[in-house]
Amino acid sequence: MESVVLYPSPGMGHLISMVELGKLILKHHPSFSITILIVTPPYNTGYTAPYLSRVSSTFPSISFLHLPTISLPLDCFHSPHLETLVFELLRLNNPNLHQALLSISDHSTVRALIINAFCTAALPVAAQLNIPSYYFFTSGAACLASFLYFPFIHNQTTKSFKDLNIHLHIPGIPPVLASDMPKPMLDREDKAYEFFLDMSVHLPRSAGIIINTFEALEPRAVKAISDGLCVVDDLTPPIFCIGPLIAADGRSYGGGGGGVPECLTWLDSQPKHSVLFLCFGSLGLFSEEQLKEIAIGLERSGKRFMWVVRSPPSGDPSRRFLPPADPDLNSLLPDGFLDRTRARGFVVKTWAPQVAVLNHESVGWFVTHCGWNSVLEAVCAGVPMAAWPLYAEQRFNRVVMVEEMKLALSMEESEEGFVTATVVEKRVRELMESEKGNGLRVRVMAMKEAAEAAMSDGGSSRTALTELVKSWRLG
């Protein structure tokens, strides 16, 4: 039996993308068996159990292997960046990975190990076992171009990105302010910076890079990478744009019992394309002050909305990476807000089935944190966006969404990242009332059709998948 082993880093977004890749491989090449290695971290990454359970029951050829839980050194938790914890956790996990690959190899031929970018430490483990390693890059081609070019930028300066008040010129993408590079990379002295640099150096040394994007969405970035313009001192490996991969059936109606969530029932009663959906990812948290500003802006706009609200981050450092409790809406939001907006607004606590919401005909616009899965989900639903980045590579994604793809408007925040009620109201109105907003809708609908074409027979993404599988069999 031939098998492919998938090794995602912890985190709902990374896990969903990797599971969808496994499902895509099986759909078109069912002779493979897929094993997905699950790392359980000692910090919050979102609740994954219902999702894993549903996949296991509906796709018997996908098996999940839970690796033994390991503890992190206490000093790791002093880092301001979750990414530092992820890199360190996966580095310490190598002995478990080695044992898992040996165990799987006992009863099948492992054709490839597909790793998340955070799993760079796995490369020597796979090499020792003569298993080809491929990266699955779960952000876009533009972001990949920036990582491939990162070692060159690093060697051109001794300053941190946060201290460089310049635009970076990276092949295939618009000029990007140095301060808009991924947050964990802004400080050259930070451990996270070191981990990302190491990852960027090793990307070209893989057997190939699979990207969750499609050529029509990011043609300039894909061409720049393919032409070898982004890797300065090494060869560029083959790249395979096989997206868009999204969880088409939603992220499970998970959070609660069975049945249709109340938020979808509410949408059924709203006019077509009338509702603004605000959702900021599984780790996107706002302060109480910011939540109140959003509420005031939404109320003043007079528009229909559905808003997923999470509790603010804990002020206790020891709880920084633990899941927050359900929000107390009456204390977090302005007095009387829920009553005054009841006829046209719906506030959801903590979680909503984002794919199902975006594909509901009542939803017309989306305020997003610019996580790549969310961007692809909006594109596939044909929903224009307002970009409000919060963490990771999301500020970088916003530049690409606004300047290159022209599928989003940008929220205007202060240097500290705060967005006032006035800006919220202004952007909501601009998105929902202006010609500019209408232009976004026309472009995103065209891109939705391009996504469908890419995934169809003879489309660019289907062809790329065929080439990928061929490379495994040629070995």
# chains A, B, ... in the order shown; residues from 1 in each chain; ligands from 1
$ select_by_dssp --residues "segment 250-311 of chain A" --states "strand (DSSP E or B)" --output "JSON, numbers by chain"
{"A": [275, 276, 277, 278, 279, 304, 305, 306, 307, 308, 309]}
$ residues_around --residues "segment 260-264 of chain A" --least-positions-apart "5" --cutoff "8 Å" --atoms "only C-alpha atoms" --output "list in words"
Tyr253, Phe346, Val348, Ala352, Ala356, Val357 and His360 of chain A
$ closest_residue --among "A:Ser179, A:Thr120, A:Asn373, A:Thr35" --to "Phe87 of chain A" --atoms "only C-alpha atoms"
A:Thr120
$ closest_residue --among "A:Thr138, A:Cys241, A:Met18, A:Thr350" --to "Gly371 of chain A" --atoms "only C-alpha atoms"
A:Thr138
$ select_by_dssp --residues "segment 92-313 of chain A" --states "alpha helix (DSSP H)" --output "PyMOL selection string"
chain A and resi 92+94-105+123-128+141-156+191-202+219-226+262-268+288-301
$ atom_distance --atom1 "atom CA of Ala387 of chain A" --atom2 "atom CA of Leu168 of chain A"
20.6 Å
$ atom_distance --atom1 "atom CA of Met1 of chain A" --atom2 "atom CA of Arg111 of chain A"
10.0 Å
$ closest_residue --among "A:Gly11, A:Gly459, A:Pro132, A:Pro271" --to "Gly243 of chain A" --atoms "only C-alpha atoms"
A:Gly459
$ residues_around --residues "segment 220-232 of chain A" --least-positions-apart "2" --cutoff "6 Å" --atoms "only C-alpha atoms" --output "list in words"
Ala141, Ala142, Ala145, Leu148, Tyr149, Pro171, Gly172, Ile173, Glu218, Asp234 and Thr236 of chain A
$ residues_around --residues "segment 92-98 of chain A" --least-positions-apart "4" --cutoff "8 Å" --atoms "only C-alpha atoms" --output "list in words"
Leu67, Pro68, Ile70, Glu88, Leu102, Ala121, Ala122, Val125 and Ala126 of chain A
$ write_last_selection --atoms "C-alpha atoms" --output "PDB file, in the first residue's frame"
ATOM      1  CA  LEU A  67       1.503  11.876  18.827  1.00  0.00           C
ATOM      2  CA  PRO A  68       2.423  11.703  22.520  1.00  0.00           C
ATOM      3  CA  ILE A  70       5.107  16.778  25.260  1.00  0.00           C
ATOM      4  CA  GLU A  88       9.795  24.900  19.634  1.00  0.00           C
ATOM      5  CA  LEU A 102       8.866   4.117  11.281  1.00  0.00           C
ATOM      6  CA  ALA A 121      12.563  20.704  11.995  1.00  0.00           C
ATOM      7  CA  ALA A 122      11.040  17.543  10.455  1.00  0.00           C
ATOM      8  CA  VAL A 125      13.960  13.184  10.206  1.00  0.00           C
ATOM      9  CA  ALA A 126      12.375  12.445   6.818  1.00  0.00           C
TER      10      ALA A 126
END
$ closest_residue --among "A:His167, A:Ala117, A:Gln99, A:Val5" --to "Ser63 of chain A" --atoms "only C-alpha atoms"
A:Val5
$ residues_around --residues "segment 290-305 of chain A" --least-positions-apart "4" --cutoff "8 Å" --atoms "only C-alpha atoms" --output "list in words"
Ser274, Val275, Leu276, Phe277, Leu278, Phe286, Leu332, Leu333, Pro334, Phe337, Thr341, Arg344, Gly345, Phe346, Phe418, Val419, Thr420, Ala421, Thr422, Val423, Val424, Glu425, Lys426, Val428 and Arg429 of chain A
$ closest_residue --among "A:Pro384, A:Pro174, A:Pro237, A:Pro60" --to "Thr368 of chain A" --atoms "only C-alpha atoms"
A:Pro384
$ residues_around --residues "Ala378 of chain A" --least-positions-apart "4" --cutoff "12 Å" --atoms "only C-alpha atoms" --output "PyMOL selection string"
chain A and resi 244+246+248+277-279+354-360+363-374+382-387+401+407-408+440-441+444-445+447-448+451
$ closest_atom_pairs --of "segment 8-94 of chain A" --to "segment 189-213 of chain A" --cutoff "10 Å" --atoms "only C-alpha atoms" --output "JSON lines"
{"residue": "A:Ser17", "atom": "CA", "partner": "A:Asn212", "partner_atom": "CA", "distance": 7.9}
{"residue": "A:Met18", "atom": "CA", "partner": "A:Asn212", "partner_atom": "CA", "distance": 9.7}
{"residue": "A:Leu21", "atom": "CA", "partner": "A:Asn212", "partner_atom": "CA", "distance": 8.8}
{"residue": "A:Cys76", "atom": "CA", "partner": "A:Lys191", "partner_atom": "CA", "distance": 9.7}
{"residue": "A:Ser79", "atom": "CA", "partner": "A:Lys191", "partner_atom": "CA", "distance": 8.0}
{"residue": "A:Pro80", "atom": "CA", "partner": "A:Ala192", "partner_atom": "CA", "distance": 9.2}
{"residue": "A:His81", "atom": "CA", "partner": "A:Ala192", "partner_atom": "CA", "distance": 7.1}
{"residue": "A:Leu82", "atom": "CA", "partner": "A:Ala192", "partner_atom": "CA", "distance": 8.9}
{"residue": "A:Glu83", "atom": "CA", "partner": "A:Ala192", "partner_atom": "CA", "distance": 6.6}
{"residue": "A:Thr84", "atom": "CA", "partner": "A:Ala192", "partner_atom": "CA", "distance": 5.0}
{"residue": "A:Leu85", "atom": "CA", "partner": "A:Ala192", "partner_atom": "CA", "distance": 8.8}
{"residue": "A:Val86", "atom": "CA", "partner": "A:Ala192", "partner_atom": "CA", "distance": 9.7}
{"residue": "A:Phe87", "atom": "CA", "partner": "A:Phe195", "partner_atom": "CA", "distance": 6.9}
{"residue": "A:Glu88", "atom": "CA", "partner": "A:Phe195", "partner_atom": "CA", "distance": 8.8}
$ residues_around --residues "segment 468-474 of chain A" --least-positions-apart "2" --cutoff "7 Å" --atoms "only C-alpha atoms" --output "count of residues only"
6
$ atom_distance --atom1 "atom CA of Ser461 of chain A" --atom2 "atom CA of Ala216 of chain A"
10.0 Å
